[in-house]
Structure formats: C-alpha cells, structure tokens
Amino acid sequence: MTEPLFQDVIRRRRSVRKFEPGRSVGRDVLQRIVDCGRWAPSGANVQCWDFIVVDDPATRDAVTAVFLRQAQRLVDHAKGFPAVKKTYLANTVAIVLVLGDPRWKACFPQATTPEFDAEYRDNNEAIFLCSLGAAIQNIQLGVAAEGLTSAWLSGGGEDETNRELAELLGYPAWMKAYGTIPIGVPAADQNRRFRRPLAQTLHWNRYEPRQYRQHAQVDFYESTLRPFAMYRDEESMESWPDRAEMLGEWNDAFVGAVTNPGGELEPEADFSRPRVIGQATKRRKT
Ligand SMILES: Cc1cc2nc3c(=O)[nH]c(=O)nc-3n(C[C@H](O)[C@H](O)[C@H](O)COP(=O)(O)O)c2cc1C
C-alpha cells in the first residue's frame, strides 16, 4: 500500500452514524475487518481482547435495544452530553464488540515492593486500555479500507449496559465491552471533522508552552463548542460561517498555531470533573 493510500484510509475513518438500511456484507469481509484488530499491538503481547461479531439480525436488534436504553440513561443521568440517537444501529451490516479481559493485566510489570505498587498499577491500567484502543482503531481502519463506515461506542463499557450485553451475548460480566463498533454502508458523505491544526499539536524536541491550552480553553470547549466540534462536517473552525460568534476571544486558540501567547503554564487542578457544567445542549435547543 502506498503512503497516500494509507493516509486516505486514515482520513476516511470518520464516525458516520447514518447507514443505508437493508444492506449486508459477506462474512469474508467481516473476517478481514476483525483480523485488523487481531494484528494490533498489545502490552506484553497479551492480546487482552475478544471480538464478538453480531451479524444475525435478531441479535443485532437485541443489541440495538440495549444501546437505546443506554442512550436514554445518558439523557437522564449525564445531562448536557451531546449524544446522537442510536436508532441507526438497526441499519448496521454487523456490530463488532471488542471485549477487554482484565486478567491479562497480571502480565504487565508488577511491583515487588509495596511502595512501588502505585508506580506500576495506574500505568498497567493504561497499558490495558491502550492495547484495547489499538485493536478498536485497527478495526475501524479495516472498516474504512473496505469502503464501509463505523463509529466507536464506548457506552458498552458502562456498568448497566455491559451487564445487559454480557447476559445477551453470553460473555462473563467481568469482561467489558470497551468498544462497540457498528458497521454499515454510509448513507452520508461525512469525510471531514474538526482537527486541531498540525502546527498546534506538533512540538519539535521539546514541549512548546506557547502551544499549551489553558484550563479555561478546555472549559470553553466543554461548555460551548463540543457538539459543533463533534458533529460539523468541517476540518477547520475557520470554515464555520458563524466562527466569530462561536469562538469569540478563543478564535486564535482554536484555529491558529499559538494557543497561549504568554507561554505561561498552569498548575495541576481537579481534572476529574468539568469546572463549568455543560451548557452546550441547552444552548443548541434555543
Ligand atoms: C474512546 C472513544 C470513545 C468514543 N465513544 C463514542 C460513543 O460512545 N458514541 C459515539 O457516537 N462516538 C464515540 N466516539 C467517537 C468520537 O465522538 C469521534 O471519534 C470524534 O467526535 C471525532 O470524529 P471522527 O471519528 O469522525 O474523527 C468515541 C471515540 C473514542 C476514541
């Protein structure tokens, strides 16, 4: 495969949540797609995954029903998160669930003295999750290479949803569906999505503080920009017709190379929850 072709697959891997109904593909196609996941890297080569491919329409409808309940729980209990309706799952040619098997974390570095426990424990969790992410990403790229499209649903990993999926599909509930990948024939030509400019994300040899994004920029994205950055069919916010109104004083930080002209870094804060509770969905409705 030549490099431009590879780049093309990377760029065509968009989260498209609109599929043509009534379509199907052969199991050979689905096998090729899942094989891409099998070739993903994993910490200590543990391959801490299993892939369940749901291509039986009745089982697909049952999985869809689980995700419709999951989406309703989001509306009720994670207010403000800009999720889209999941009825499109009914139009998939298949749904791939990537299960994570936590037993394999035992194969990552283990502290031999108690004071080093924390040193390794959190990073082992990261190794586990990154390995699963690599498999999920490979599968999505495999989908794009077949001219199909997909999304990456993380809701299968939520407690209640995973319990329902485990019961439906027969896997032990202590494994988790970290990635659910609905696959379909695209019904929309969605080939662009907001990406930060390369010059803003790329640091040569050393972290460039002028490219640091301030805490307040994260707050602004969370409270105001998020649904638009997630769903608009534009790579750069520069192309947004309402850019001035939407970005205001944050214009340069989102479209330029320099996000932090003063070059000051900020101390760590509580990053475990938003500092500004999301206004995005409420704003969109008005
Ligand atoms: C870890 C992870 C979890 C995600 N969870 C969901 C999800 O639950 N539902 C969904 O529709 N998209 C989900 N996405 C897709 C993102 O919204 C999407 O990748 C992002 O908005 C950029 O769009 P693009 O994939 O078209 O480039 C997830 C992506 C990642 C990497």
# chains A, B, ... in the order shown; residues from 1 in each chain; ligands from 1
$ closest_atom_pairs --of "chain A" --to "ligand 1" --cutoff "8 Å" --atoms "only C-alpha atoms and all ligand atoms" --output "CSV"
residue,atom,partner,partner_atom_place_in_ligand_line,distance
A:Arg13,CA,ligand 1,25 (O),6.7
A:Arg14,CA,ligand 1,26 (O),3.5
A:Ser15,CA,ligand 1,26 (O),3.7
A:Val16,CA,ligand 1,26 (O),6.6
A:Arg17,CA,ligand 1,11 (O),7.1
A:Ala83,CA,ligand 1,11 (O),6.5
A:Val84,CA,ligand 1,11 (O),6.6
A:Gly133,CA,ligand 1,1 (C),7.1
A:Ala151,CA,ligand 1,12 (N),5.8
A:Trp152,CA,ligand 1,14 (N),4.7
A:Leu153,CA,ligand 1,8 (O),3.5
A:Ser154,CA,ligand 1,8 (O),3.9
A:Gly155,CA,ligand 1,8 (O),4.9
A:Gly156,CA,ligand 1,8 (O),7.9
A:Gly179,CA,ligand 1,3 (C),7.5
A:Gln190,CA,ligand 1,26 (O),7.8
A:Asn191,CA,ligand 1,26 (O),7.6
A:Arg192,CA,ligand 1,26 (O),7.0
A:Arg193,CA,ligand 1,27 (O),5.5
A:Phe194,CA,ligand 1,22 (C),7.4
A:Arg195,CA,ligand 1,27 (O),7.9
A:Ala229,CA,ligand 1,21 (O),7.2
A:Met230,CA,ligand 1,21 (O),4.2
A:Tyr231,CA,ligand 1,21 (O),6.6
$ residues_around --residues "Thr92 in chain A" --least-positions-apart "3" --cutoff "7 Å" --atoms "only C-alpha atoms" --output "mmCIF file with N, CA and C atoms, in the first residue's frame"
data_model
loop_
_atom_site.group_PDB
_atom_site.id
_atom_site.type_symbol
_atom_site.label_atom_id
_atom_site.label_comp_id
_atom_site.auth_asym_id
_atom_site.auth_seq_id
_atom_site.Cartn_x
_atom_site.Cartn_y
_atom_site.Cartn_z
ATOM 1 N N PHE A 19 -26.468 4.923 8.316
ATOM 2 C CA PHE A 19 -26.194 3.796 7.426
ATOM 3 C C PHE A 19 -27.383 3.556 6.504
ATOM 4 N N LEU A 89 -28.362 2.021 14.704
ATOM 5 C CA LEU A 89 -27.771 0.680 14.875
ATOM 6 C C LEU A 89 -28.615 -0.390 14.175
ATOM 7 N N ILE A 95 -22.345 -5.609 14.000
ATOM 8 C CA ILE A 95 -21.833 -4.821 15.133
ATOM 9 C C ILE A 95 -20.719 -5.641 15.761
ATOM 10 N N PRO A 182 -20.400 -0.254 15.431
ATOM 11 C CA PRO A 182 -21.450 -0.521 14.455
ATOM 12 C C PRO A 182 -20.900 -0.297 13.049
ATOM 13 N N ILE A 183 -21.110 -1.256 12.178
ATOM 14 C CA ILE A 183 -20.563 -1.153 10.811
ATOM 15 C C ILE A 183 -21.727 -1.076 9.818
ATOM 16 N N GLY A 184 -21.581 -0.191 8.828
ATOM 17 C CA GLY A 184 -22.643 -0.078 7.841
ATOM 18 C C GLY A 184 -22.144 0.529 6.547
#
$ closest_atom_pairs --of "range 143-260 of chain A" --to "range 30-36 of chain A" --cutoff "10 Å" --atoms "only C-alpha atoms" --output "JSON lines"
{"residue": "A:Val143", "atom": "CA", "partner": "A:Ile33", "partner_atom": "CA", "distance": 5.9}
{"residue": "A:Ala144", "atom": "CA", "partner": "A:Ile33", "partner_atom": "CA", "distance": 9.2}
{"residue": "A:Ala145", "atom": "CA", "partner": "A:Ile33", "partner_atom": "CA", "distance": 8.7}
{"residue": "A:Glu146", "atom": "CA", "partner": "A:Ile33", "partner_atom": "CA", "distance": 7.9}
{"residue": "A:Ile183", "atom": "CA", "partner": "A:Leu30", "partner_atom": "CA", "distance": 9.4}
$ atom_distance --atom1 "CA of Asn138 in chain A" --atom2 "CA of Asn205 in chain A"
28.1 Å
$ select_by_dssp --residues "range 119-269 of chain A" --states "helix (DSSP H, G or I)" --output "PyMOL selection string"
chain A and resi 119-145+155-157+159-169+198-201+209-211+215-231+237-239+243-255
$ closest_atom_pairs --of "range 109-183 of chain A" --to "range 99-105 of chain A" --cutoff "6 Å" --atoms "only C-alpha atoms" --output "Markdown table"
| residue | atom | partner | partner_atom | distance |
| --- | --- | --- | --- | --- |
| A:Met175 | CA | A:Asp101 | CA | 5.1 |
| A:Lys176 | CA | A:Leu99 | CA | 5.2 |
| A:Ala177 | CA | A:Leu99 | CA | 4.4 |
| A:Tyr178 | CA | A:Leu99 | CA | 6.0 |
$ residues_around --residues "Pro109 in chain A" --least-positions-apart "6" --cutoff "10 Å" --atoms "only C-alpha atoms" --output "PyMOL selection string"
chain A and resi 43-44+117+119-121+123-124
$ closest_residue --among "A:Glu208, A:Pro274, A:Leu225, A:Met246" --to "Asn260 in chain A" --atoms "only C-alpha atoms"
A:Glu208
$ residues_around --residues "Ser236 in chain A" --least-positions-apart "2" --cutoff "9 Å" --atoms "only C-alpha atoms" --output "list in words"
Arg193, Phe194, Arg195, Arg196, Pro197, Glu234, Glu238, Ser239, Trp240, Phe254 and Val255 of chain A
$ select_by_dssp --residues "range 84-286 of chain A" --states "strand (DSSP E)" --output "PyMOL selection string"
chain A and resi 94-100+149-150+176-184
$ closest_residue --among "A:Asn45, A:Val9, A:Asn162, A:Leu169" --to "Ala62 in chain A" --atoms "only C-alpha atoms"
A:Leu169
$ closest_atom_pairs --of "range 149-196 of chain A" --to "range 64-80 of chain A" --cutoff "9 Å" --atoms "only C-alpha atoms" --output "JSON lines"
{"residue": "A:Gly155", "atom": "CA", "partner": "A:Gln70", "partner_atom": "CA", "distance": 6.9}
{"residue": "A:Gly156", "atom": "CA", "partner": "A:Phe67", "partner_atom": "CA", "distance": 7.8}
{"residue": "A:Glu158", "atom": "CA", "partner": "A:Gln70", "partner_atom": "CA", "distance": 8.4}
{"residue": "A:Glu160", "atom": "CA", "partner": "A:Gln70", "partner_atom": "CA", "distance": 8.0}
{"residue": "A:Thr161", "atom": "CA", "partner": "A:Gln70", "partner_atom": "CA", "distance": 6.1}
{"residue": "A:Glu164", "atom": "CA", "partner": "A:Val66", "partner_atom": "CA", "distance": 6.8}
{"residue": "A:Leu165", "atom": "CA", "partner": "A:Val66", "partner_atom": "CA", "distance": 7.1}
$ closest_residue --among "A:Pro4, A:Pro227, A:Gly157, A:Gly37" --to "Ser131 in chain A" --atoms "only C-alpha atoms"
A:Gly37
$ residues_around --residues "Asp55 in chain A" --least-positions-apart "3" --cutoff "8 Å" --atoms "only C-alpha atoms" --output "short mmCIF file (atom, residue, chain, number, x, y, z; two decimals) with N, CA and C atoms, in the first residue's frame"
data_model
loop_
_atom_site.label_atom_id
_atom_site.label_comp_id
_atom_site.auth_asym_id
_atom_site.auth_seq_id
_atom_site.Cartn_x
_atom_site.Cartn_y
_atom_site.Cartn_z
N THR A 59 -30.22 -10.82 16.78
CA THR A 59 -29.29 -10.46 17.85
C THR A 59 -28.90 -8.99 17.73
N ARG A 60 -28.72 -8.52 16.47
CA ARG A 60 -28.40 -7.10 16.27
C ARG A 60 -29.52 -6.22 16.84
N VAL A 93 -24.69 -3.53 9.09
CA VAL A 93 -24.49 -4.85 8.48
C VAL A 93 -23.92 -5.80 9.53
N ALA A 94 -23.30 -5.25 10.55
CA ALA A 94 -22.80 -6.04 11.68
C ALA A 94 -22.41 -5.07 12.79
N ILE A 95 -22.35 -5.61 14.00
CA ILE A 95 -21.83 -4.82 15.13
C ILE A 95 -20.72 -5.64 15.76
#
$ atom_distance --atom1 "CA of Leu141 in chain A" --atom2 "CA of Arg12 in chain A"
8.4 Å
